[in-house]
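Everything below concerns the one structure shown next.
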Amino acid sequence: MAHGPAKGISRWLFTTNHKDIGSMYLWFSFAMFFMGGIFALVIRAELFEPGLQIVEPAFFNQMTTLHGLVMVFGAVMPAFVGLANWMLPMMVGAPDMALPRMNNWSFWILPFAFAMMTSTLFMEGGAPNFGWTFYAPLSTTYAPDSVTFFIFAVHIMGASSIMGAINIVATILNMRAPGMTLMKMPLFVWTWLITAYLLIAVMPVLAGVVTMMLMDIHFGTSFFDAAGGGDPVLFQHVFWFFGHPEVYIMILPAFGVVSAIIPTFARKPLFGYSSMVYATASIAFLSFIVWAHHMFTVGMPLFGELVFMYATMLIAVPTGVKVFNWVTTMWRGSMTFETPMLFSIAFVILFTIGGFSGLMLAIAPADFQYHDTYFVVAHFHYVLVPGAIFSITAAVYYWLPKWCGKMYNETLGKVHFWLAFAGLNITFFPMHFSGLAGMPRRIPDYNPLWADWNMISSIGSLLFGAAQVLFLYIVIRTIVSGRKATDGVWDGAEGLEWTVASPAPYHTFTTPPEVK
Amino acid sequence: MAKHHKAIAQTSAKMAALVVAMFIFAVWVMPPIYDVFCDIAGLNGKTKGKYQAVEATADTTRKVQVRFVATNNNGMQWQFGPDQELVEVHPGQAFVTHFKAYNPTNNVMVAQAVPSMVPHNATDYFFKTECFCFNQQVLGPGESAELALKFVVDQEIPKRVNSIVLSYTLFDVTADSTEMVKQKLEEMAGELRNHSGAMQPELKLTTTANTITQ
């Protein structure tokens, strides 16, 4: 068992080691994060001033579409799967993931999926231009020919996520060290277990909806074609039946990360552990019965609007439980503010702002005004950037010393945090205002009325982008020349992952630890 | 260890079964239940299918305005519109109106009209006993047709609904209906043969409504 990694490229191609695969997922997601970021900067550059300056409207639409798809499926989801690969076996005291060969496969099909999807940029007719939500008939009758590549890419991404999720469930349910009961698992493990179930339940629905598109486009069916007795609104129902759980797939593991970090730097155990578990499960359940709040303006009967409105508002209850638990964990703790903690506190505050704008959007009559405006863009960027991205960043700073055995530079880390924090708020806060003033999303040119807000947003986005370049520099510098980290790394950290050496040996817990 | 492996295999098999079940649910279960649901609730302005007329007396104390809107879907070249844009009917009174369709192209084309109604809840009280939207319509080059619509507004229609908009969007479905195009071409060739000796100055290609609606 004592053998180390293979030499050269074959280590990465054929590895079944959860740490290697975790690292590949994380680097892949980092690369996608930069690619999606560049697409976002193209959007912000075009919107810097009203009028058409830099790109054609058709290309602008391709940018908004690819930015969304790459960030959701390429950056956020693989990053969380990477964290799960690295941390779950160490947190539950298992030697590896339950299905190591499938683990290799589920990673290695991803680069091909994204190569296929982004290659459409160079095709005649251009890349998909129908938005990341790919509503029919924009994505069927009126789609560019490259839509078929998009469909197969989504199939592959879905297969990858499903395999990853099955692996995670199998690991958590069967590979825990003796004595590690379900209610003793770290919250990151719990949130991932629930997320994995969500993935298994809804990724096949995504695969189904793109399959129906494929059939409509190439095989003469009319699922979404009114002329053949189908209904485009059906697309929206099926898509959002996948789509709403999907947004919680991107946030529940973030809850787990923050629930690990805040107790460490507050030097207090997590407040209300079991209520956190139940809140996570409730959020996951509710995510299946709120999908139509994305389509309030589609022409639903009043009763439907009410049901989806109240169900949506209900989500604020378990989410509120979580926010209060994080705040109460910090209450009277011996707090220190290292970089992971700064990102986590920013997470709690900014995610709550995103939650509140979500509540505003949940009010069906008000949503008729906000629908498809920049207010929606502001809302979901406030939950995804400080939610998913900040928590992933916090997780990297928190566990990087364990992964590579070296400590990052605290000063640079703090500079990164403040740049990112300022950049994020300057970029996305003005979008609330331009949205309330009526600016629609996904437009390359706009009324000069919204010029100031847009200019501020564009400047902020440049700052946020620069902050991420600094992040890349910090990570590389840490790996190359960071000072040695101790095994415990943080003085308030609890959990099995801190009982192994830093860097974590290639094989950990080949004999299961005893959990009291 | 063997027990361990068996447990992992069992969990994985259960999860894989759930994946398959959810895919089947999305593709084969959701669309039909959506249709049934819309049918029951009258959602999306989907009007009902063919209705068997029942004996009913017209409620002459009330009048309901019915406005007809005809739209061509993108790329559809037919001229398509109602004979009367606005009619007033008594609830319970059967009413017949016509739409005109004209195919200005040089090709045989097949069209499908898709109805939609505002307000949505009026669909429960608007019954079509005959409608060109029940079938696909085929027209030869330069041919036109009178398309019949026969409907009854139910006496039970809520008092506050005194205006209904019935909209038809006409879709070009030629590409999906090669069978109908072929039939039409044969029919046209046949008519040409029959009439070639009779020295008729023009072909009477105008079809009447009752040959189109069953």
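Chain labels run A, B, ... following the order of the structure tokens; each chain numbers its residues from 1, and ligands are numbered from 1 in the order shown.
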
Taking only C-alpha atoms into account, what are the residues of chain A at most 9 Å from chain B, put as a compact mmCIF listing (two decimals) with N, CA and C atoms, in the first residue's frame?
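What follows is the written file out.txt:
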```
# COMPACT_ATOMS: atom_id res chain seq x y z
N ALA A 98 -15.42 5.70 -2.84
CA ALA A 98 -15.92 4.33 -2.94
C ALA A 98 -15.69 3.74 -4.33
N LEU A 99 -15.75 4.58 -5.36
CA LEU A 99 -15.64 4.07 -6.73
C LEU A 99 -14.52 4.82 -7.45
N ILE A 162 -23.43 13.18 -12.54
CA ILE A 162 -24.17 12.06 -11.97
C ILE A 162 -23.21 11.02 -11.40
N MET A 163 -22.15 10.71 -12.16
CA MET A 163 -21.18 9.73 -11.65
C MET A 163 -20.50 10.26 -10.39
N ALA A 165 -21.74 12.29 -8.25
CA ALA A 165 -22.70 12.29 -7.14
C ALA A 165 -22.91 10.88 -6.60
N ILE A 166 -23.01 9.90 -7.50
CA ILE A 166 -23.18 8.51 -7.04
C ILE A 166 -21.98 8.11 -6.19
N ASN A 167 -20.81 8.50 -6.65
CA ASN A 167 -19.59 8.19 -5.92
C ASN A 167 -19.62 8.78 -4.52
N VAL A 169 -22.28 9.71 -2.70
CA VAL A 169 -23.27 9.04 -1.84
C VAL A 169 -22.72 7.69 -1.38
N ALA A 170 -22.14 6.93 -2.33
CA ALA A 170 -21.61 5.61 -1.96
C ALA A 170 -20.50 5.73 -0.93
N THR A 171 -19.67 6.77 -1.06
CA THR A 171 -18.58 6.96 -0.09
C THR A 171 -19.13 7.30 1.29
N LEU A 173 -22.13 6.93 2.57
CA LEU A 173 -22.99 5.94 3.23
C LEU A 173 -22.24 4.68 3.64
N ASN A 174 -21.16 4.34 2.94
CA ASN A 174 -20.52 3.04 3.20
C ASN A 174 -19.11 3.09 3.74
N MET A 175 -18.43 4.23 3.65
CA MET A 175 -16.99 4.22 3.93
C MET A 175 -16.62 4.96 5.21
N TYR A 197 -27.65 13.89 -3.60
CA TYR A 197 -29.01 13.41 -3.90
C TYR A 197 -29.72 14.34 -4.87
N ILE A 200 -28.38 13.67 -8.30
CA ILE A 200 -28.88 12.42 -8.87
C ILE A 200 -30.34 12.58 -9.31
N ALA A 201 -31.08 13.40 -8.59
CA ALA A 201 -32.49 13.57 -8.93
C ALA A 201 -32.70 14.48 -10.14
N VAL A 202 -31.89 15.53 -10.28
CA VAL A 202 -32.23 16.50 -11.34
C VAL A 202 -31.31 16.52 -12.55
N MET A 203 -30.09 16.00 -12.44
CA MET A 203 -29.26 16.00 -13.65
C MET A 203 -29.89 15.15 -14.75
N PRO A 204 -30.56 14.03 -14.42
CA PRO A 204 -31.26 13.29 -15.49
C PRO A 204 -32.38 14.12 -16.12
N VAL A 205 -32.98 15.03 -15.35
CA VAL A 205 -34.02 15.89 -15.92
C VAL A 205 -33.40 16.86 -16.93
N LEU A 206 -32.20 17.37 -16.60
CA LEU A 206 -31.49 18.23 -17.55
C LEU A 206 -31.16 17.44 -18.81
N ALA A 207 -30.66 16.21 -18.60
CA ALA A 207 -30.36 15.37 -19.76
C ALA A 207 -31.63 15.13 -20.57
N GLY A 208 -32.75 14.96 -19.87
CA GLY A 208 -34.03 14.75 -20.54
C GLY A 208 -34.44 15.95 -21.37
N VAL A 209 -34.27 17.14 -20.80
CA VAL A 209 -34.76 18.32 -21.51
C VAL A 209 -33.90 18.58 -22.75
N THR A 211 -32.36 16.26 -24.38
CA THR A 211 -32.70 15.17 -25.30
C THR A 211 -33.97 15.50 -26.07
N MET A 212 -34.95 16.08 -25.37
CA MET A 212 -36.19 16.48 -26.06
C MET A 212 -35.90 17.54 -27.11
N GLY A 220 -37.93 15.34 -35.69
CA GLY A 220 -39.31 15.63 -36.04
C GLY A 220 -40.33 15.50 -34.93
N PHE A 223 -42.06 18.28 -28.91
CA PHE A 223 -42.25 18.50 -27.47
C PHE A 223 -42.51 19.98 -27.19
N ALA A 226 -45.25 24.39 -30.86
CA ALA A 226 -46.70 24.54 -30.82
C ALA A 226 -47.36 24.03 -32.10
N ALA A 227 -46.66 24.14 -33.23
CA ALA A 227 -47.26 23.71 -34.50
C ALA A 227 -47.58 22.24 -34.50
N GLY A 228 -46.79 21.44 -33.75
CA GLY A 228 -47.03 20.02 -33.74
C GLY A 228 -47.77 19.57 -32.49
N GLY A 229 -48.37 20.51 -31.77
CA GLY A 229 -49.13 20.15 -30.58
C GLY A 229 -48.30 20.22 -29.31
N GLY A 230 -47.06 20.67 -29.42
CA GLY A 230 -46.23 20.82 -28.22
C GLY A 230 -46.43 22.18 -27.59
N ASP A 231 -45.57 22.51 -26.64
CA ASP A 231 -45.75 23.76 -25.92
C ASP A 231 -44.40 24.27 -25.43
N VAL A 233 -43.87 26.44 -23.31
CA VAL A 233 -43.90 26.66 -21.86
C VAL A 233 -43.51 25.38 -21.11
N LEU A 234 -43.81 24.23 -21.73
CA LEU A 234 -43.39 22.96 -21.13
C LEU A 234 -41.88 22.96 -20.92
N HIS A 237 -41.03 24.66 -17.76
CA HIS A 237 -41.34 23.86 -16.57
C HIS A 237 -40.28 22.78 -16.35
N VAL A 238 -39.95 22.05 -17.41
CA VAL A 238 -38.97 20.97 -17.23
C VAL A 238 -37.62 21.56 -16.87
N VAL A 298 -45.40 33.95 -17.09
CA VAL A 298 -45.70 33.11 -18.24
C VAL A 298 -47.20 32.96 -18.48
N GLY A 299 -48.00 33.40 -17.52
CA GLY A 299 -49.45 33.29 -17.68
C GLY A 299 -50.01 32.16 -16.84
N MET A 300 -49.63 32.14 -15.58
CA MET A 300 -50.15 31.11 -14.67
C MET A 300 -51.44 31.61 -14.05
N PRO A 301 -52.32 30.68 -13.64
CA PRO A 301 -53.50 31.13 -12.91
C PRO A 301 -53.09 31.67 -11.54
```

- List every residue of stretch 95-204 of chain B that DSSP, applied to the backbone, labels as strand (DSSP E or B), and write the result as an NGL selection string. :B and (95-102 or 109-118 or 126-131 or 137-139 or 144-153 or 163-172)

- Query: Got a sec: who's within 12 Å of A:Phe30, counting only C-alpha atoms, leaving out chain neighbours fewer than 2 positions off, as a ChimeraX atom specification?
  - Reply: /A:23-28,32-37,70-71,74-80,82,389,392-393,396,468-469,471-472,475

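All residues in stretch 40-175 of chain B with a DSSP state of helix (DSSP H, G or I), computed from the backbone, read Ile40, Ala41, Leu43, Asn44, Gly45, His120, Asn121, Ala122, Thr123, Asp124, Tyr125, Phe132, Cys133, Phe134, Thr174 and Ala175 of chain B.
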
- Using only C-alpha atoms, which residues sit within 9 Å of stretch 345-356 of chain A once same-chain residues fewer than 6 positions away are excluded, as an MDAnalysis selection string? chainID A and resid 258 262 316 319:320 323 326:327 378:388 390:391 421 425

- Query: Which of these, B:Thr71, B:Thr97, B:Thr105, B:Asn162, has the shortest distance to B:Asp83 once you count only C-alpha atoms?
  - Reply: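 For B:Asp83, the nearest of the candidates is B:Thr97.
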
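Near A:Thr336, within a cut-off of 10 Å and counting only C-alpha atoms, sit the residues Ile262, Thr264, Phe265, Ala266, Arg267, Met341 and Leu342 of chain A, with same-chain residues fewer than 4 positions away left out.
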
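The smallest atom-to-atom distance between B:Gln79 and any of B:Pro91, B:Phe126, B:Val118, B:Glu146, using only C-alpha atoms, is found for B:Glu146.
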
- Determine the nearest neighbour of B:Pro104 from the options B:Gln77, B:Glu156, B:Thr123, B:Val87, counting only C-alpha atoms.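 For B:Pro104, the nearest of the candidates is B:Gln77.
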
- Can you work out the spacing between atom CA of A:Phe296 and atom CA of A:Pro144 in Å, to one decimal? 28.1 Å

- Spatial neighbours of stretch 113-126 of chain A, 8 Å, only C-alpha atoms, chain gap at least 5 places, as a list in words: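 After dropping sequence-adjacent residues, the list is Phe59, Gln62, Leu66, Val70, Gly74, Pro144, Asp145, Ser146, Phe149, Phe150, Phe152, Ala153, Val154, Ile156 and Met157 of chain A.
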
Go ahead and save the picked residues with N, CA and C atoms, as a PDB file, in the first residue's frame.
```pdb
ATOM      1  N   PHE A  59     -22.562  38.259 -31.254  1.00  0.00           N
ATOM      2  CA  PHE A  59     -21.466  37.723 -30.444  1.00  0.00           C
ATOM      3  C   PHE A  59     -21.711  38.002 -28.963  1.00  0.00           C
ATOM      4  N   GLN A  62     -23.698  35.333 -27.576  1.00  0.00           N
ATOM      5  CA  GLN A  62     -22.904  34.129 -27.347  1.00  0.00           C
ATOM      6  C   GLN A  62     -22.100  34.248 -26.061  1.00  0.00           C
ATOM      7  N   LEU A  66     -22.367  31.691 -22.982  1.00  0.00           N
ATOM      8  CA  LEU A  66     -21.222  30.876 -22.567  1.00  0.00           C
ATOM      9  C   LEU A  66     -20.729  31.264 -21.185  1.00  0.00           C
ATOM     10  N   VAL A  70     -20.423  28.254 -18.660  1.00  0.00           N
ATOM     11  CA  VAL A  70     -19.085  27.907 -18.192  1.00  0.00           C
ATOM     12  C   VAL A  70     -18.978  28.100 -16.684  1.00  0.00           C
ATOM     13  N   GLY A  74     -18.842  24.665 -15.433  1.00  0.00           N
ATOM     14  CA  GLY A  74     -17.403  24.479 -15.549  1.00  0.00           C
ATOM     15  C   GLY A  74     -16.637  24.959 -14.336  1.00  0.00           C
ATOM     16  N   PRO A 144     -28.640  28.379 -33.564  1.00  0.00           N
ATOM     17  CA  PRO A 144     -27.582  28.138 -34.552  1.00  0.00           C
ATOM     18  C   PRO A 144     -27.326  26.631 -34.647  1.00  0.00           C
ATOM     19  N   ASP A 145     -26.675  26.213 -35.738  1.00  0.00           N
ATOM     20  CA  ASP A 145     -26.435  24.778 -35.917  1.00  0.00           C
ATOM     21  C   ASP A 145     -25.608  24.178 -34.793  1.00  0.00           C
ATOM     22  N   SER A 146     -24.798  25.021 -34.151  1.00  0.00           N
ATOM     23  CA  SER A 146     -23.911  24.496 -33.113  1.00  0.00           C
ATOM     24  C   SER A 146     -24.669  23.995 -31.888  1.00  0.00           C
ATOM     25  N   PHE A 149     -23.881  20.508 -30.738  1.00  0.00           N
ATOM     26  CA  PHE A 149     -22.666  20.339 -29.932  1.00  0.00           C
ATOM     27  C   PHE A 149     -22.950  20.697 -28.484  1.00  0.00           C
ATOM     28  N   PHE A 150     -23.716  21.765 -28.299  1.00  0.00           N
ATOM     29  CA  PHE A 150     -24.088  22.180 -26.956  1.00  0.00           C
ATOM     30  C   PHE A 150     -24.847  21.063 -26.248  1.00  0.00           C
ATOM     31  N   PHE A 152     -24.812  17.802 -26.788  1.00  0.00           N
ATOM     32  CA  PHE A 152     -23.967  16.674 -26.394  1.00  0.00           C
ATOM     33  C   PHE A 152     -23.021  17.060 -25.266  1.00  0.00           C
ATOM     34  N   ALA A 153     -22.549  18.317 -25.292  1.00  0.00           N
ATOM     35  CA  ALA A 153     -21.685  18.757 -24.191  1.00  0.00           C
ATOM     36  C   ALA A 153     -22.445  18.687 -22.871  1.00  0.00           C
ATOM     37  N   VAL A 154     -23.711  19.121 -22.888  1.00  0.00           N
ATOM     38  CA  VAL A 154     -24.507  19.071 -21.652  1.00  0.00           C
ATOM     39  C   VAL A 154     -24.729  17.622 -21.218  1.00  0.00           C
ATOM     40  N   ILE A 156     -22.672  15.198 -21.628  1.00  0.00           N
ATOM     41  CA  ILE A 156     -21.434  14.700 -21.015  1.00  0.00           C
ATOM     42  C   ILE A 156     -21.245  15.300 -19.622  1.00  0.00           C
ATOM     43  N   MET A 157     -21.492  16.618 -19.508  1.00  0.00           N
ATOM     44  CA  MET A 157     -21.383  17.244 -18.179  1.00  0.00           C
ATOM     45  C   MET A 157     -22.323  16.582 -17.195  1.00  0.00           C
TER      46      MET A 157
END
```
